[in-house]
>>> print(open('final.txt').read())   # compact mmCIF, C-alpha atoms and all ligand atoms
# COMPACT_ATOMS: atom_id res chain seq x y z
CA MET A 1107 -6.10 -4.07 -5.28
CA LYS A 1108 -7.76 -7.39 -4.84
CA ARG A 1109 -5.17 -10.06 -5.26
CA GLU A 1110 -7.04 -13.28 -5.38
CA LYS A 1111 -4.87 -16.32 -5.79
CA GLU A 1112 -5.28 -17.36 -9.38
CA GLU A 1113 -5.78 -20.93 -10.24
CA THR A 1114 -2.22 -21.63 -11.21
CA ASN A 1115 -1.65 -21.70 -14.93
CA ILE A 1116 2.05 -22.05 -14.62
CA LYS A 1117 3.72 -25.41 -14.46
CA ASN A 1118 6.80 -25.73 -12.24
CA SER A 1119 6.19 -22.19 -11.00
CA SER A 1120 7.77 -22.56 -7.60
CA LEU A 1121 10.89 -23.94 -9.21
CA ILE A 1122 11.55 -20.88 -11.31
CA THR A 1123 14.41 -19.16 -9.62
CA ASN A 1124 17.12 -19.40 -12.20
CA HIS A 1125 17.46 -18.86 -15.88
CA SER A 1126 15.73 -22.00 -17.00
CA SER A 1127 13.65 -21.69 -20.17
CA LEU A 1128 10.19 -20.24 -20.12
CA LEU A 1129 7.51 -20.86 -22.71
CA ILE A 1130 4.52 -18.53 -22.72
CA LYS A 1131 1.86 -20.36 -24.69
CA GLY A 1132 -1.09 -19.16 -26.67
CA GLY A 1133 -1.41 -15.58 -25.44
CA ARG A 1134 -2.33 -12.57 -27.55
CA VAL A 1135 1.13 -11.11 -28.05
CA ILE A 1136 1.21 -7.37 -28.67
CA ASP A 1137 4.51 -5.76 -29.62
CA PRO A 1138 3.84 -2.23 -30.88
CA SER A 1139 7.42 -1.76 -32.10
CA SER A 1140 7.06 -4.55 -34.66
CA ASP A 1141 3.32 -4.10 -35.20
CA LEU A 1142 2.72 -7.60 -33.88
CA ASP A 1143 -0.72 -8.48 -32.55
CA GLU A 1144 -1.16 -12.22 -32.79
CA VAL A 1145 -2.07 -15.25 -30.73
CA THR A 1146 1.22 -17.09 -30.47
CA ASP A 1147 3.98 -18.40 -28.18
CA ILE A 1148 7.13 -16.82 -26.77
CA LEU A 1149 10.17 -18.82 -25.78
CA ILE A 1150 12.71 -17.28 -23.42
CA GLU A 1151 16.10 -18.82 -22.73
CA ASN A 1152 18.83 -17.46 -20.50
CA GLY A 1153 16.85 -14.30 -19.95
CA LYS A 1154 16.41 -13.48 -23.64
CA VAL A 1155 13.58 -13.95 -26.09
CA VAL A 1156 14.72 -16.64 -28.50
CA LYS A 1157 11.54 -17.24 -30.44
CA ILE A 1158 8.15 -15.69 -31.10
CA GLY A 1159 5.92 -18.18 -32.89
CA LYS A 1160 4.24 -21.53 -32.42
CA THR A 1161 6.54 -23.70 -30.31
CA GLN A 1162 6.36 -27.37 -29.46
CA GLU A 1163 6.42 -28.05 -25.75
CA LEU A 1164 9.47 -30.28 -25.55
CA LYS A 1165 9.73 -32.51 -22.52
CA SER A 1166 12.45 -30.93 -20.49
CA LYS A 1167 12.89 -30.53 -16.77
CA ASN A 1168 14.10 -27.02 -17.24
CA LEU A 1169 11.22 -25.79 -19.36
CA ASN A 1170 8.58 -23.88 -17.47
CA VAL A 1171 5.32 -23.21 -19.23
CA ILE A 1172 2.75 -20.48 -18.73
CA GLU A 1173 -0.59 -21.17 -20.35
CA ALA A 1174 -1.58 -17.69 -21.48
CA LYS A 1175 -4.73 -18.48 -23.43
CA GLY A 1176 -7.09 -15.51 -23.27
CA MET A 1177 -4.34 -13.31 -21.82
CA ILE A 1178 -2.51 -10.31 -23.27
CA VAL A 1179 1.27 -10.67 -23.48
CA VAL A 1180 3.21 -7.42 -23.81
CA PRO A 1181 6.72 -6.02 -23.31
CA GLY A 1182 7.40 -5.44 -19.60
CA LEU A 1183 5.90 -2.11 -18.55
CA ILE A 1184 8.25 0.78 -17.81
CA ASP A 1185 7.43 3.53 -15.33
CA MET A 1186 9.67 6.48 -16.06
CA HIS A 1187 8.55 8.48 -13.02
CA VAL A 1188 8.70 6.98 -9.54
CA HIS A 1189 10.04 8.01 -6.16
CA LEU A 1190 11.74 5.13 -4.35
CA ARG A 1191 12.74 7.37 -1.40
CA GLU A 1192 16.00 5.54 -0.69
CA PRO A 1193 18.44 6.80 0.49
CA GLY A 1194 17.06 8.90 3.28
CA TYR A 1195 13.32 8.34 3.51
CA GLU A 1196 13.20 4.58 4.03
CA TYR A 1197 10.20 4.97 6.33
CA LYS A 1198 8.19 6.00 3.25
CA GLU A 1199 9.58 3.44 0.78
CA THR A 1200 12.74 1.53 -0.01
CA ILE A 1201 14.23 0.25 -3.23
CA LYS A 1202 13.14 -3.20 -2.09
CA THR A 1203 9.50 -2.34 -1.35
CA GLY A 1204 9.19 0.09 -4.26
CA THR A 1205 10.40 -2.47 -6.79
CA GLU A 1206 8.16 -5.13 -5.24
CA ALA A 1207 5.28 -2.71 -5.80
CA ALA A 1208 6.47 -2.24 -9.38
CA ILE A 1209 6.41 -5.98 -10.04
CA SER A 1210 3.02 -6.25 -8.39
CA GLY A 1211 1.76 -3.53 -10.74
CA GLY A 1212 3.17 -5.15 -13.90
CA PHE A 1213 6.26 -2.93 -14.24
CA THR A 1214 9.57 -4.59 -15.02
CA SER A 1215 11.51 -1.32 -15.03
CA VAL A 1216 11.25 1.89 -13.03
CA CYS A 1217 13.14 5.16 -13.20
CA CYS A 1218 13.62 6.81 -9.83
CA MET A 1219 13.62 10.52 -9.16
CA PRO A 1220 16.54 12.13 -7.31
CA ASN A 1221 14.70 13.86 -4.44
CA THR A 1222 16.21 11.53 -1.89
CA ASN A 1223 18.40 12.43 1.09
CA PRO A 1224 21.15 12.88 0.10
CA VAL A 1225 19.91 14.05 -3.28
CA ASN A 1226 21.08 12.00 -6.25
CA ASP A 1227 23.25 14.81 -7.55
CA ASN A 1228 26.56 12.93 -7.52
CA ARG A 1229 27.84 9.54 -8.60
CA THR A 1230 28.14 8.15 -5.07
CA VAL A 1231 24.37 8.30 -4.65
CA THR A 1232 23.74 6.92 -8.14
CA GLU A 1233 26.09 4.02 -7.43
CA PHE A 1234 24.43 3.41 -4.06
CA ILE A 1235 21.01 3.19 -5.74
CA LEU A 1236 22.28 0.84 -8.43
CA ASP A 1237 24.09 -1.37 -5.90
CA LYS A 1238 21.01 -1.52 -3.69
CA ALA A 1239 18.80 -2.29 -6.67
CA ARG A 1240 21.10 -5.12 -7.74
CA ALA A 1241 21.13 -6.56 -4.22
CA GLU A 1242 17.52 -6.05 -3.14
CA GLY A 1243 15.50 -4.89 -6.12
CA SER A 1244 12.88 -7.01 -7.82
CA ALA A 1245 12.60 -4.84 -10.94
CA HIS A 1246 15.18 -3.03 -13.08
CA VAL A 1247 15.98 0.37 -11.60
CA TYR A 1248 17.22 3.33 -13.66
CA PRO A 1249 18.26 6.34 -11.60
CA ILE A 1250 17.47 9.88 -12.68
CA GLY A 1251 20.08 12.40 -11.61
CA ALA A 1252 19.40 15.89 -10.31
CA ILE A 1253 19.63 18.88 -12.64
CA SER A 1254 20.91 21.09 -9.85
CA LYS A 1255 23.01 20.45 -6.77
CA GLY A 1256 20.77 19.69 -3.80
CA LEU A 1257 17.74 20.42 -6.03
CA LYS A 1258 18.30 24.06 -5.11
CA GLY A 1259 18.11 25.30 -8.68
CA GLU A 1260 21.28 27.33 -8.23
CA GLU A 1261 24.18 25.30 -9.52
CA ILE A 1262 24.20 22.56 -12.13
CA SER A 1263 25.02 19.07 -10.83
CA GLU A 1264 27.96 17.00 -12.04
CA MET A 1265 26.01 15.86 -15.07
CA ALA A 1266 28.75 14.03 -16.94
CA ASP A 1267 29.64 12.10 -13.80
CA LEU A 1268 25.99 11.22 -13.17
CA ALA A 1269 25.57 10.06 -16.76
CA GLU A 1270 28.69 7.95 -16.56
CA ALA A 1271 27.51 6.41 -13.30
CA GLY A 1272 24.25 5.32 -14.94
CA CYS A 1273 21.66 8.09 -14.74
CA VAL A 1274 19.28 7.93 -17.70
CA ALA A 1275 17.82 11.45 -17.37
CA PHE A 1276 18.12 14.63 -15.33
CA SER A 1277 15.32 16.18 -13.30
CA ASP A 1278 14.74 18.25 -10.17
CA ASP A 1279 11.30 16.65 -9.92
CA GLY A 1280 9.36 17.69 -6.87
CA ARG A 1281 10.66 21.17 -7.54
CA PRO A 1282 11.03 23.30 -10.65
CA VAL A 1283 14.26 24.90 -11.83
CA MET A 1284 13.01 28.45 -11.44
CA ASN A 1285 16.09 30.17 -12.86
CA SER A 1286 15.73 30.10 -16.66
CA GLU A 1287 19.44 30.65 -17.21
CA ILE A 1288 20.29 27.58 -15.10
CA MET A 1289 17.65 25.57 -16.97
CA ARG A 1290 19.06 26.72 -20.32
CA ARG A 1291 22.62 25.71 -19.42
CA ALA A 1292 21.43 22.43 -17.91
CA MET A 1293 19.63 21.60 -21.13
CA GLU A 1294 22.72 22.44 -23.16
CA TYR A 1295 24.92 20.19 -21.01
CA ALA A 1296 22.38 17.40 -20.99
CA GLY A 1297 21.95 17.74 -24.75
CA ALA A 1298 25.71 17.37 -25.25
CA LEU A 1299 25.59 14.20 -23.16
CA GLY A 1300 22.60 12.91 -25.14
CA ILE A 1301 20.52 12.59 -21.99
CA PRO A 1302 17.00 14.02 -21.69
CA VAL A 1303 15.87 16.59 -19.16
CA ILE A 1304 12.57 15.92 -17.40
CA SER A 1305 10.91 19.09 -16.25
CA HIS A 1306 8.67 19.51 -13.22
CA CYS A 1307 6.75 22.52 -14.49
CA GLU A 1308 5.66 24.84 -11.71
CA ASP A 1309 6.13 28.52 -11.08
CA ILE A 1310 6.50 28.43 -7.32
CA ASN A 1311 5.78 32.14 -7.00
CA LEU A 1312 2.32 31.39 -8.36
CA SER A 1313 1.78 28.09 -6.55
CA ARG A 1314 3.22 28.94 -3.13
CA GLY A 1315 0.91 28.00 -0.27
CA GLY A 1316 -1.59 26.30 -2.58
CA VAL A 1317 -2.84 22.80 -1.83
CA MET A 1318 -5.38 22.13 -4.60
CA ASN A 1319 -6.54 23.48 -7.95
CA GLU A 1320 -7.57 27.12 -7.82
CA GLY A 1321 -11.21 27.70 -8.66
CA PHE A 1322 -14.76 27.36 -7.50
CA VAL A 1323 -14.16 24.16 -5.50
CA SER A 1324 -11.11 25.51 -3.65
CA THR A 1325 -13.14 28.57 -2.68
CA GLU A 1326 -15.99 26.40 -1.43
CA LEU A 1327 -13.63 24.20 0.55
CA GLY A 1328 -11.69 27.12 1.99
CA LEU A 1329 -8.41 25.71 0.69
CA GLN A 1330 -5.73 27.79 -1.00
CA GLY A 1331 -5.66 27.18 -4.73
CA ILE A 1332 -2.86 26.64 -7.24
CA THR A 1333 -3.65 28.30 -10.53
CA ARG A 1334 -3.28 26.18 -13.64
CA VAL A 1335 -1.09 28.95 -14.99
CA ALA A 1336 1.61 28.02 -12.46
CA GLU A 1337 2.09 24.87 -14.54
CA GLU A 1338 1.45 26.39 -17.96
CA ILE A 1339 3.91 29.29 -17.62
CA ALA A 1340 6.63 26.77 -16.81
CA VAL A 1341 5.62 24.52 -19.71
CA ALA A 1342 5.72 27.51 -22.07
CA ARG A 1343 9.16 28.53 -20.81
CA ASP A 1344 10.62 25.09 -21.21
CA LEU A 1345 9.22 24.75 -24.70
CA LEU A 1346 10.90 28.04 -25.59
CA LEU A 1347 14.17 26.81 -24.08
CA ALA A 1348 13.88 23.56 -26.03
CA GLU A 1349 13.45 25.65 -29.18
CA LEU A 1350 16.36 27.91 -28.28
CA THR A 1351 18.78 25.12 -27.41
CA GLY A 1352 17.51 22.48 -29.83
CA VAL A 1353 17.63 20.08 -26.89
CA LYS A 1354 14.88 17.58 -26.09
CA ILE A 1355 12.67 18.24 -23.11
CA HIS A 1356 10.28 15.84 -21.43
CA ILE A 1357 7.42 17.44 -19.52
CA ALA A 1358 6.47 15.53 -16.36
CA HIS A 1359 2.98 14.98 -14.96
CA VAL A 1360 0.90 17.16 -17.31
CA SER A 1361 -2.37 18.09 -15.61
CA THR A 1362 -4.04 20.97 -17.49
CA ALA A 1363 -5.78 21.54 -20.81
CA GLY A 1364 -3.53 24.56 -21.38
CA SER A 1365 -0.37 22.47 -21.02
CA VAL A 1366 -1.72 19.93 -23.51
CA ARG A 1367 -2.47 22.76 -25.99
CA LEU A 1368 1.01 24.29 -25.58
CA ILE A 1369 2.75 20.94 -26.07
CA LYS A 1370 0.60 20.09 -29.08
CA GLU A 1371 1.41 23.41 -30.75
CA ALA A 1372 5.12 22.99 -29.95
CA LYS A 1373 5.15 19.51 -31.48
CA GLU A 1374 3.46 20.87 -34.58
CA ARG A 1375 6.21 23.48 -34.81
CA GLY A 1376 8.87 20.80 -34.63
CA ILE A 1377 10.11 21.49 -31.11
CA LYS A 1378 11.67 18.39 -29.57
CA VAL A 1379 9.29 17.69 -26.72
CA THR A 1380 7.75 14.61 -25.18
CA ALA A 1381 5.29 14.56 -22.31
CA GLU A 1382 3.70 12.33 -19.73
CA THR A 1383 0.59 12.31 -17.63
CA CYS A 1384 -0.59 10.02 -14.82
CA PRO A 1385 -3.76 8.00 -14.22
CA HIS A 1386 -5.10 10.41 -11.59
CA TYR A 1387 -5.07 13.24 -14.14
CA PHE A 1388 -7.22 11.39 -16.67
CA LEU A 1389 -9.57 9.71 -14.19
CA LEU A 1390 -10.13 12.09 -11.28
CA THR A 1391 -11.13 15.72 -10.82
CA GLU A 1392 -10.88 18.19 -7.96
CA GLU A 1393 -14.37 17.08 -6.94
CA PHE A 1394 -12.64 14.13 -5.22
CA ILE A 1395 -11.11 16.57 -2.72
CA ARG A 1396 -14.48 17.50 -1.25
CA GLY A 1397 -14.03 15.03 1.63
CA TYR A 1398 -10.65 16.62 2.48
CA ASP A 1399 -9.08 13.21 1.97
CA THR A 1400 -5.31 13.72 1.86
CA ASP A 1401 -5.06 10.74 -0.51
CA THR A 1402 -6.24 13.17 -3.18
CA LYS A 1403 -3.42 15.64 -2.54
CA VAL A 1404 -0.92 15.56 -5.37
CA ASN A 1405 1.30 18.05 -7.11
CA PRO A 1406 0.28 19.21 -9.66
CA PRO A 1407 -3.21 19.03 -8.17
CA LEU A 1408 -6.27 17.24 -9.53
CA ARG A 1409 -7.99 19.61 -11.94
CA THR A 1410 -11.40 19.97 -13.59
CA ALA A 1411 -13.54 17.86 -15.91
CA GLU A 1412 -12.39 19.98 -18.90
CA ASP A 1413 -8.79 19.24 -18.02
CA VAL A 1414 -9.49 15.52 -17.76
CA LYS A 1415 -11.13 15.68 -21.20
CA ALA A 1416 -8.13 17.50 -22.67
CA ILE A 1417 -5.66 15.05 -21.10
CA ARG A 1418 -7.59 12.15 -22.67
CA GLU A 1419 -7.57 13.91 -26.04
CA GLY A 1420 -3.85 14.54 -25.63
CA LEU A 1421 -3.28 10.85 -25.00
CA LYS A 1422 -5.39 9.91 -27.99
CA ASP A 1423 -3.82 12.32 -30.49
CA GLY A 1424 -0.26 11.56 -29.34
CA THR A 1425 0.47 14.91 -27.67
CA LEU A 1426 1.03 12.95 -24.47
CA ASP A 1427 3.51 10.18 -25.19
CA VAL A 1428 3.72 8.45 -21.84
CA ILE A 1429 1.60 7.28 -18.94
CA ALA A 1430 3.77 7.33 -15.81
CA THR A 1431 2.66 6.89 -12.22
CA ASP A 1432 4.51 9.60 -10.27
CA HIS A 1433 4.46 6.98 -7.51
CA ALA A 1434 5.23 9.31 -4.60
CA PRO A 1435 4.99 7.28 -1.40
CA HIS A 1436 4.56 8.80 2.01
CA ALA A 1437 4.13 7.14 5.41
CA ILE A 1438 0.56 6.73 6.61
CA ALA A 1439 1.28 9.08 9.53
CA ASP A 1440 2.57 11.77 7.14
CA LYS A 1441 -0.80 11.81 5.41
CA MET A 1442 -2.97 11.51 8.55
CA VAL A 1443 -3.02 15.23 9.12
CA GLU A 1444 -5.17 18.14 7.98
CA PHE A 1445 -5.30 18.62 4.22
CA ASP A 1446 -3.22 21.80 4.42
CA TYR A 1447 -0.36 20.04 6.18
CA ALA A 1448 -0.22 16.74 4.29
CA PRO A 1449 2.61 16.19 1.81
CA PHE A 1450 1.78 15.96 -1.89
CA GLY A 1451 1.95 12.45 -3.34
CA ILE A 1452 0.19 9.11 -3.65
CA ALA A 1453 1.01 5.47 -4.39
CA GLY A 1454 0.69 4.74 -8.09
CA LEU A 1455 2.54 1.60 -9.10
CA GLU A 1456 -0.09 -0.92 -8.07
CA THR A 1457 -3.10 0.75 -9.64
CA ALA A 1458 -1.69 2.31 -12.81
CA LEU A 1459 -2.25 -0.58 -15.20
CA SER A 1460 -5.80 -1.33 -14.08
CA ALA A 1461 -6.64 2.37 -14.05
CA SER A 1462 -5.14 2.92 -17.51
CA LEU A 1463 -6.91 -0.09 -19.00
CA SER A 1464 -10.14 1.86 -18.49
CA LEU A 1465 -8.97 4.05 -21.39
CA VAL A 1466 -9.02 0.96 -23.60
CA GLU A 1467 -12.40 -0.11 -22.26
CA GLU A 1468 -13.76 3.36 -23.04
CA GLY A 1469 -12.25 3.44 -26.54
CA VAL A 1470 -9.84 6.32 -25.82
CA LEU A 1471 -6.79 4.19 -26.63
CA THR A 1472 -6.25 0.86 -28.30
CA LEU A 1473 -4.32 -1.77 -26.34
CA LYS A 1474 -1.39 -1.18 -28.69
CA GLU A 1475 -1.43 2.56 -27.96
CA LEU A 1476 -1.61 1.89 -24.24
CA ILE A 1477 1.44 -0.35 -24.40
CA GLU A 1478 3.25 2.29 -26.44
CA LYS A 1479 2.65 4.78 -23.64
CA MET A 1480 3.52 2.39 -20.82
CA ALA A 1481 6.53 0.59 -22.30
CA VAL A 1482 7.67 1.53 -25.81
CA ASN A 1483 7.81 5.33 -25.52
CA PRO A 1484 9.46 5.51 -22.07
CA SER A 1485 12.13 3.16 -23.40
CA LYS A 1486 12.66 5.27 -26.52
CA ILE A 1487 12.78 8.58 -24.63
CA LEU A 1488 15.33 7.25 -22.13
CA LYS A 1489 17.13 4.92 -24.58
CA LEU A 1490 16.67 1.90 -22.34
CA GLU A 1491 16.63 -0.69 -25.13
CA LYS A 1492 13.58 -2.26 -23.61
CA GLY A 1493 9.88 -2.19 -24.43
CA ILE A 1494 10.27 -4.58 -27.34
CA LEU A 1495 9.41 -8.22 -27.86
CA LYS A 1496 11.59 -9.58 -30.59
CA LYS A 1497 14.23 -12.25 -30.89
CA GLY A 1498 17.26 -11.21 -28.83
CA ALA A 1499 15.35 -8.78 -26.62
CA ASP A 1500 15.40 -9.08 -22.84
CA GLY A 1501 12.75 -11.47 -21.56
CA ASP A 1502 10.90 -8.73 -19.68
CA ILE A 1503 7.22 -9.42 -20.16
CA THR A 1504 3.91 -8.50 -18.57
CA ILE A 1505 0.96 -10.85 -18.94
CA ILE A 1506 -2.37 -9.10 -18.46
CA ASP A 1507 -5.83 -10.44 -17.72
CA ILE A 1508 -7.95 -7.61 -19.10
CA ASN A 1509 -11.23 -9.07 -17.91
CA LYS A 1510 -10.59 -9.62 -14.24
CA GLU A 1511 -12.25 -7.07 -12.00
CA VAL A 1512 -10.56 -5.84 -8.85
CA ILE A 1513 -11.55 -3.64 -5.96
CA VAL A 1514 -8.55 -1.45 -5.07
CA ASP A 1515 -7.43 -2.50 -1.59
CA PRO A 1516 -4.34 -0.62 -0.38
CA ALA A 1517 -3.86 -3.12 2.45
CA ARG A 1518 -2.68 -5.53 -0.23
CA PHE A 1519 -0.11 -3.14 -1.69
CA LYS A 1520 3.52 -4.21 -1.59
CA SER A 1521 4.43 -0.55 -1.36
CA LYS A 1522 4.84 0.88 2.12
CA CYS A 1523 2.51 3.62 0.97
CA LYS A 1524 -1.19 2.91 1.27
CA ASN A 1525 -2.43 6.30 0.13
CA THR A 1526 -4.45 6.11 -3.03
CA PRO A 1527 -7.47 8.04 -4.24
CA PHE A 1528 -8.55 4.87 -6.06
CA LYS A 1529 -9.18 2.87 -2.87
CA GLY A 1530 -12.42 0.96 -2.93
CA LEU A 1531 -12.95 1.61 -6.65
CA LYS A 1532 -13.70 -1.27 -8.95
CA LEU A 1533 -11.23 -1.48 -11.82
CA LYS A 1534 -10.98 -3.99 -14.63
CA GLY A 1535 -7.78 -5.74 -15.67
CA ILE A 1536 -4.74 -6.88 -13.71
CA PRO A 1537 -1.15 -7.88 -14.39
CA LEU A 1538 -1.27 -11.64 -13.96
CA PHE A 1539 2.46 -12.28 -14.33
CA THR A 1540 5.39 -9.88 -14.33
CA ILE A 1541 8.37 -11.60 -15.88
CA LEU A 1542 11.90 -10.30 -15.52
CA LYS A 1543 14.55 -11.76 -17.82
CA GLY A 1544 12.47 -14.88 -18.21
CA ILE A 1545 11.75 -15.29 -14.51
CA PRO A 1546 8.17 -14.78 -13.29
CA LYS A 1547 8.52 -12.44 -10.33
CA GLY A 1548 4.97 -11.48 -9.61
CA MET A 1549 2.01 -13.79 -9.97
CA HIS A 1550 -1.49 -12.78 -9.07
O1 LIG B 1601 2.78 14.81 -5.64
C1 LIG B 1601 3.99 14.85 -5.80
N1 LIG B 1601 4.84 14.22 -4.96
N2 LIG B 1601 4.49 15.55 -6.82
C2 LIG B 1601 5.79 15.78 -6.98
O2 LIG B 1601 6.18 16.42 -7.93
C3 LIG B 1601 6.76 15.26 -5.98
C4 LIG B 1601 6.22 14.09 -5.26
C5 LIG B 1601 7.01 13.70 -4.05
O3 LIG B 1601 8.23 13.57 -4.15
O4 LIG B 1601 6.40 13.46 -3.02
>>> encode(input="final.txt", output="structure tokens", more="lines below")
Ligand code: DOR
Amino acid sequence: MKREKEETNIKNSSLITNHSSLLIKGGRVIDPSSDLDEVTDILIENGKVVKIGKTQELKSKNLNVIEAKGMIVVPGLIDMHVHLREPGYEYKETIKTGTEAAISGGFTSVCCMPNTNPVNDNRTVTEFILDKARAEGSAHVYPIGAISKGLKGEEISEMADLAEAGCVAFSDDGRPVMNSEIMRRAMEYAGALGIPVISHCEDINLSRGGVMNEGFVSTELGLQGITRVAEEIAVARDLLLAELTGVKIHIAHVSTAGSVRLIKEAKERGIKVTAETCPHYFLLTEEFIRGYDTDTKVNPPLRTAEDVKAIREGLKDGTLDVIATDHAPHAIADKMVEFDYAPFGIAGLETALSASLSLVEEGVLTLKELIEKMAVNPSKILKLEKGILKKGADGDITIIDINKEVIVDPARFKSKCKNTPFKGLKLKGIPLFTILKGIPKGMH
């Protein structure tokens, strides 16, 4: 993404390293949780919001001021689905580089999936991640623990221990839990702990060997397809298990029209389900794979124009509660192979906001709805007590310039991963400041 140095509209910016006060002046403040949409000021002291309303700029050495006229000021964005790769795959990403990418993309909090090495299926790994995040992280990090030991889908992990150590959800993301009995028991345990289960929906017997969506294009390209039903069967099963157990399920990375329909019907029937999708599923189709560019290889795969339409409708009508990135970094060398052999996954943190703002531009979502899906709802689902801008809340804030156009340039990514299907595309809107507990961390 093009990161031109902005003309600085922050006074004292280089001095902001501690918890001095921060006044954000004259921005359009949107806080969906309190229905606030108003041009006003926000004062943050000692990391907390102390006032929302017109504020006199008192002469004080310790007061830093951001002139936010013409900017959008929202609760810090939360990405509930990222892969930080540490421990074990530090050549792809680390907690340090992944959280720097988060800040660069406007995210103040990220939730990291457990498919690390070792897998985050025990408290030692959770504690390692939290310690590392405290020492080297730029954004807040919330670990997600594994549903099953070693992500093997055979034996449930030490869920109570993981929860106590700080995991905010359970998931085997990257792989499904194929055994329905294990999934049922996992949901019951997680339900008793009050912690949501995030399901990677994929029937691997149907998807095995596939590298892209199954259909006309996969036939033309000579690539093995993954039927949409591989996802939808798993979604249907998990909805039935949510009904059976009465336990909440969150469906990860929804990519098909059928999944949207199933989730919508389940919600109408009162089943406790929430769901997310990612920017690549509402902006791109399988047509992008025609050049065999491995930066278009994701799991679930890019689908068809009808799916994109259904995903957008699902976002609009509330079937899809969350926009997450599924930031799944790989090393450049990993991806510089034939399409068949490349791993699934792309960088997402540094393009998600700009890409998602196109939904506002096109009238699919209002700005308020977008912020609900990128901050408020993830916080509610995972009980993070963030995503709000009221007196007493954490001073985690994202300031957005919705008019600035950028050409996506992976060379400028903070992430180690440079693989993005959005490269070279012109997008509109960037996070101008990402503020963590009152401290501006990222300034574009
Ligand atoms: O594309 C993906 N990459 N999808 C997943 O579910 C896992 C992820 C990864 O870990 O690389």
>>> residues_around(input="final.txt", residues="stretch 1411-1428 of chain A", least_positions_apart="6", cutoff="7 Å", atoms="only C-alpha atoms", output="PyMOL selection string")
chain A and resi 1361-1363+1366+1369-1370+1380-1383+1387-1389+1391+1470-1471+1479-1480+1483-1484
>>> residues_near_ligand(input="final.txt", ligand="ligand LIG 1601 (chain B)", cutoff="10 Å", atoms="all atoms listed in the file", output="PyMOL selection string")
chain A and resi 1187-1191+1198+1219-1222+1278-1282+1305-1308+1358-1359+1402-1407+1432-1436+1449-1453
>>> closest_residue(input="final.txt", among="A:Ala1448, A:Leu1164, A:Val1482, A:Val1180", to="A:Ile1505", atoms="all atoms listed in the file")
A:Val1180
>>> residues_near_point(input="final.txt", point="(12.9, -8.0, 0.0)", cutoff="9 Å", atoms="all atoms listed in the file", output="PyMOL selection string")
chain A and resi 1201-1203+1206+1242-1244
>>> closest_residue(input="final.txt", among="A:Leu1490, A:Cys1273, A:Ile1536, A:Ala1430", to="A:Gly1212", atoms="all atoms listed in the file")
A:Ile1536
>>> residues_around(input="final.txt", residues="stretch 1152-1157 of chain A", least_positions_apart="5", cutoff="9 Å", atoms="only C-alpha atoms", output="ChimeraX atom specification")
/A:1124-1128,1147,1495-1502,1542-1545
>>> residues_around(input="final.txt", residues="A:Val1466", least_positions_apart="4", cutoff="12 Å", atoms="all atoms listed in the file", output="short mmCIF file (atom, residue, chain, number, x, y, z; two decimals) with C-alpha atoms, in the frame of the given file")
data_model
loop_
_atom_site.label_atom_id
_atom_site.label_comp_id
_atom_site.auth_asym_id
_atom_site.auth_seq_id
_atom_site.Cartn_x
_atom_site.Cartn_y
_atom_site.Cartn_z
CA ARG A 1418 -7.59 12.15 -22.67
CA LEU A 1421 -3.28 10.85 -25.00
CA LYS A 1422 -5.39 9.91 -27.99
CA LEU A 1459 -2.25 -0.58 -15.20
CA SER A 1460 -5.80 -1.33 -14.08
CA ALA A 1461 -6.64 2.37 -14.05
CA SER A 1462 -5.14 2.92 -17.51
CA VAL A 1470 -9.84 6.32 -25.82
CA LEU A 1471 -6.79 4.19 -26.63
CA THR A 1472 -6.25 0.86 -28.30
CA LEU A 1473 -4.32 -1.77 -26.34
CA LYS A 1474 -1.39 -1.18 -28.69
CA GLU A 1475 -1.43 2.56 -27.96
CA LEU A 1476 -1.61 1.89 -24.24
CA ILE A 1477 1.44 -0.35 -24.40
CA ILE A 1508 -7.95 -7.61 -19.10
CA ASN A 1509 -11.23 -9.07 -17.91
CA LYS A 1534 -10.98 -3.99 -14.63
CA GLY A 1535 -7.78 -5.74 -15.67
#
>>> closest_residue(input="final.txt", among="A:Ser1140, A:Thr1526, A:Ser1286, A:Asn1228", to="A:Glu1456", atoms="all atoms listed in the file")
A:Thr1526
>>> atom_distance(input="final.txt", atom1="atom CA of A:Ala1458", atom2="atom CA of A:Asp1185")
9.5 Å
>>> closest_residue(input="final.txt", among="A:Tyr1195, A:Tyr1295, A:Phe1445, A:Phe1539", to="A:Ala1269", atoms="all atoms listed in the file")
A:Tyr1295
>>> atom_distance(input="final.txt", atom1="atom CA of A:Val1274", atom2="atom CA of A:Ile1487")
9.5 Å
>>> atom_distance(input="final.txt", atom1="atom CA of A:Ser1210", atom2="atom CA of A:Val1179")
15.8 Å
>>> residues_around(input="final.txt", residues="stretch 1297-1299 of chain A", least_positions_apart="2", cutoff="10 Å", atoms="only C-alpha atoms", output="number ranges by chain")
A: 1265-1266, 1269-1270, 1291-1295, 1301-1303, 1351-1355
>>> closest_residue(input="final.txt", among="A:Phe1213, A:Tyr1197, A:Phe1276, A:Tyr1398", to="A:Gly1548", atoms="all atoms listed in the file")
A:Phe1213
>>> residues_near_point(input="final.txt", point="(0.9, -20.9, -23.9)", cutoff="10 Å", atoms="all atoms listed in the file", output="PyMOL selection string")
chain A and resi 1115-1116+1129-1134+1145-1149+1160-1161+1163+1171-1177
